[in-house]
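Beneath this line is the structure, given in structure tokens, with notes to follow.
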Amino acid sequence: AQSLLSLLLGFPAPIILALAINEVRQRAFKRVVQTVSYLPHFISWVIAANIIVTLLASDGLLNKVLVLLHVTNEPIAFFQNGHYFWWIIASSNTWKDMGFNAIMYLAAIASINPELYEAGRVDGGSRWRLMLHITLPSLRPTIVILMILAVGGVLNAGFDQQYLLQNDTILQYSDVIDTYTYRYGLQNSMFSYGAAVGLFKSVVAFMLVLMVNNIAKRVNDQSLF
């Protein structure tokens with residue numbers, strides 16, 4: 001559930017961000033936005049987790065804003081409800097990696113032939129139509145390849161963020177394969193069992209890559225191999 005939710009939020013976000021940055025005409029502002037957007041990628045999860053915990057605490061900024069706007073009458077215990085935790089993980093993953101992943105799409109956009117845009121403008125195409133009929137179709141191979149890789153890593157829900165943000169109250173919601181392997185393989189000294197769990201995850205990921213690659217090749221004639 002956490003991986004699929006992170007994929008649902010995190011995969012289209014860098015595409016949308018790259019398209020938005022590409023439409024900015026002021027270079028100075030574009031550079032500032034791009035720099036600010038990919039800086040979270042270089043922040044350690046230890047620091048990011050502390051920021052998230054402070055922000056979502058009962059007396060944190062988000063709860064104060066929600067109470068002030070009368071969205072809720074009392075602070076929400078975000079870290080006491082497992083369903084909230086899933087959205088916290090998905091949102092934090094998206095926030096942290098969105099800007100860095102957008103760099104790949106910006107690089108692909110930069111390689112598009114400018115004559116296509118000139119021909120589109122001559123035909124009376126607006127900026128929206130140019131983006132819809134030139135930019136997005138040109139990004140299709142990059143999107144397909146990154147989608148295949150993303151689906152292949154769907155079991156990698158993450159270890160750092162899970163371990164740092166989870167607690168005993170929501171363990172049944174926050175426990176993923178990586179934290180499970182750490183707990184049984186290292187903390188309980190069940191090394192062979194932990195290795196078997198890790199191997200199982202790798203095999204499933206490999207099968208997912210093959211399956212999605214085959215689907216992409218049949219449907220869109222674009223594939224990783």
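Identifiers for the structure tokens are assigned positionally: chains receive A, B, ... in sequence, residues are indexed from 1 per chain, and ligands are indexed from 1 in the order shown.
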
Find the residues of range 164-199 of chain A that sit at most 12 Å from range 88-97 of chain A; for each, write down the nearest two atoms and how far apart they are in Å, to one decimal. Count only C-alpha atoms. Sort by chain, then by number going up, and give it as CSV.
```
residue,atom,partner,partner_atom,distance
A:Leu164,CA,A:Ile89,CA,10.9
A:Leu165,CA,A:Ile89,CA,8.6
A:Gln166,CA,A:Ile89,CA,10.0
A:Tyr173,CA,A:Ile89,CA,11.1
A:Ser174,CA,A:Ile89,CA,9.1
A:Asp175,CA,A:Ile89,CA,12.0
A:Val176,CA,A:Ile89,CA,11.9
```

What's the 10 Å shell around range 9-22 of chain A, counting only C-alpha atoms, without same-chain residues fewer than 5 positions away, as number ranges by chain? A: 3-4, 27, 29-31, 33-34, 37, 87, 90-110, 131, 135-136, 139, 143, 146-147, 150

Apply DSSP to the structure's backbone, then extract all residues of chain A labelled alpha helix (DSSP H) and return them as a ChimeraX atom specification. /A:2-10,12-23,27-38,45-56,61-68,82-110,114-122,127-130,136-152,160-165,171-174,177-181,191-220
